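Heads up: the structure comes next, in structure tokens.
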Amino acid sequence: MKKYKIYFLISLFIVVAFTFAMSQEVHWADQKTGTWDIVLHYENGVDLIPPEYLPVSYRAWLADWDGTARISATERVVGETTELQFVYTIPDGIDDPGIQSIIYYAGFTATSTIEWGSEQPIPFLFGKAREPDAPHSFRVAP
């Protein structure tokens, strides 16, 4: 009986881990375009950003993904734009894409928090398959 409980717990753990891993949709490609809505308000969502501080810029980020979470201290800026989209060039492996709003004014910079793909209502990641090593010692069979 004890043996079956252990098998049940292991099976339950595997199902939960698999469900979490599959809840992150990985978009496989060499490049992928991320899009977002225009930012016209300050963080409180009420006060409009004055026209002299527009347009808002957007900083694109990537962070390494270990299969279950973003790896701390791997976050890196990969570009900046004033457009409402950015083409990410995806390195080998799986990465969590992010986007951040930036306002430049009077020599100062104000930034928002980073919106990560893995933290969206429909979570997503970007991935690029690593190329395998070529076969070695290719020859004619005897």
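Chain labels A, B, ... are given in the sequence in which chains occur in the structure tokens; within each chain residues are numbered consecutively from 1, and ligands are likewise numbered from 1 in the order shown.
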Can you tell me, as a PyMOL selection string, which residues in range 28-113 of chain A count as strand (DSSP E) by DSSP?
chain A and resi 28+31-35+57-64+76-81+85-89+93-105+108-111
Residues within 10 Å of Pro55 in chain A, only C-alpha atoms, excluding chain neighbours under 3 positions, as an MDAnalysis selection string:
chainID A and resid 38:40 49:52 58 82:83 102:104
Atomic separation - CA of Glu25 in chain A relative to CA of Leu125 in chain A, Å
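So the two atoms, CA of Leu125 in chain A and CA of Glu25 in chain A, lie 6.1 Å apart.
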Nearest residue to Leu54 in chain A from the set A:Gln24, A:Ser72, A:Ser118, A:Ser101 (distances using only C-alpha atoms)
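Ranking A:Gln24, A:Ser72, A:Ser118, A:Ser101 by distance to Leu54 in chain A, first place goes to A:Ser101.
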With a distance cut-off of 12 Å and only C-alpha atoms, select the neighbouring residues of Ile94 in chain A, excluding the residue or stretch itself and same-chain residues fewer than 5 positions from it, and output the selection as a CSV table (one decimal) with C-alpha atoms, in the first residue's frame.
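part_38.csv was written with the following content:
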chain,number,residue,atom,x,y,z
A,24,GLN,CA,4.3,28.6,-21.4
A,25,GLU,CA,3.8,28.6,-25.1
A,26,VAL,CA,7.2,28.7,-26.8
A,27,HIS,CA,7.3,30.5,-30.2
A,28,TRP,CA,10.2,28.8,-32.1
A,29,ALA,CA,12.0,31.0,-34.7
A,30,ASP,CA,15.2,32.8,-35.5
A,62,LEU,CA,15.5,39.0,-23.1
A,63,ALA,CA,16.3,36.8,-20.2
A,64,ASP,CA,17.4,33.1,-20.1
A,65,TRP,CA,14.7,30.6,-19.2
A,66,ASP,CA,15.6,27.4,-17.3
A,67,GLY,CA,12.5,25.4,-18.2
A,68,THR,CA,10.4,26.7,-15.2
A,69,ALA,CA,11.5,30.3,-14.5
A,70,ARG,CA,13.4,33.3,-15.7
A,71,ILE,CA,17.1,33.0,-14.6
A,89,THR,CA,16.6,38.1,-32.7
A,117,GLY,CA,6.2,37.4,-21.8
A,118,SER,CA,6.0,34.6,-19.1
A,124,PHE,CA,4.7,33.0,-23.9
A,125,LEU,CA,8.5,32.5,-24.5
A,126,PHE,CA,10.7,32.7,-27.5
A,127,GLY,CA,12.9,29.8,-28.5
A,128,LYS,CA,15.5,28.8,-31.1
A,129,ALA,CA,16.5,25.2,-31.5
A,130,ARG,CA,20.2,24.6,-31.0
Compare A:Thr33, A:Gln85, A:Thr109, A:Thr74 by their minimum atom-to-atom distance to Tyr53 in chain A, counting only C-alpha atoms, and give me the closest one.
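Smallest separation from Tyr53 in chain A among the options: A:Thr109.
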Å distance separating CA of Tyr42 in chain A from CA of Ile99 in chain A, one decimal place
16.0 Å
Got a sec to tell me which of chain A DSSP assigns to alpha helix (DSSP H), as a PDB file with C-alpha atoms, in the first residue's frame?
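Once everything was written out, this is out-v6.pdb:
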ATOM      1  CA  LYS A   2       2.824   2.373   0.895  1.00  0.00           C
ATOM      2  CA  LYS A   3       4.432   1.645  -2.467  1.00  0.00           C
ATOM      3  CA  TYR A   4       1.287   2.775  -4.330  1.00  0.00           C
ATOM      4  CA  LYS A   5       1.158   6.040  -2.394  1.00  0.00           C
ATOM      5  CA  ILE A   6       4.719   6.798  -3.452  1.00  0.00           C
ATOM      6  CA  TYR A   7       3.894   5.991  -7.098  1.00  0.00           C
ATOM      7  CA  PHE A   8       0.802   8.184  -6.866  1.00  0.00           C
ATOM      8  CA  LEU A   9       2.762  11.121  -5.431  1.00  0.00           C
ATOM      9  CA  ILE A  10       5.476  10.800  -8.074  1.00  0.00           C
ATOM     10  CA  SER A  11       2.844  10.630 -10.826  1.00  0.00           C
ATOM     11  CA  LEU A  12       1.054  13.665  -9.416  1.00  0.00           C
ATOM     12  CA  PHE A  13       4.312  15.620  -9.286  1.00  0.00           C
ATOM     13  CA  ILE A  14       5.087  14.745 -12.918  1.00  0.00           C
ATOM     14  CA  VAL A  15       1.615  15.813 -14.074  1.00  0.00           C
ATOM     15  CA  VAL A  16       1.838  19.132 -12.201  1.00  0.00           C
ATOM     16  CA  ALA A  17       5.357  19.842 -13.514  1.00  0.00           C
ATOM     17  CA  PHE A  18       4.338  18.946 -17.087  1.00  0.00           C
ATOM     18  CA  THR A  19       1.205  21.116 -16.886  1.00  0.00           C
ATOM     19  CA  PHE A  20       3.228  24.123 -15.701  1.00  0.00           C
ATOM     20  CA  ALA A  21       5.886  23.617 -18.352  1.00  0.00           C
ATOM     21  CA  MET A  22       3.272  23.352 -21.098  1.00  0.00           C
TER      22      MET A  22
END
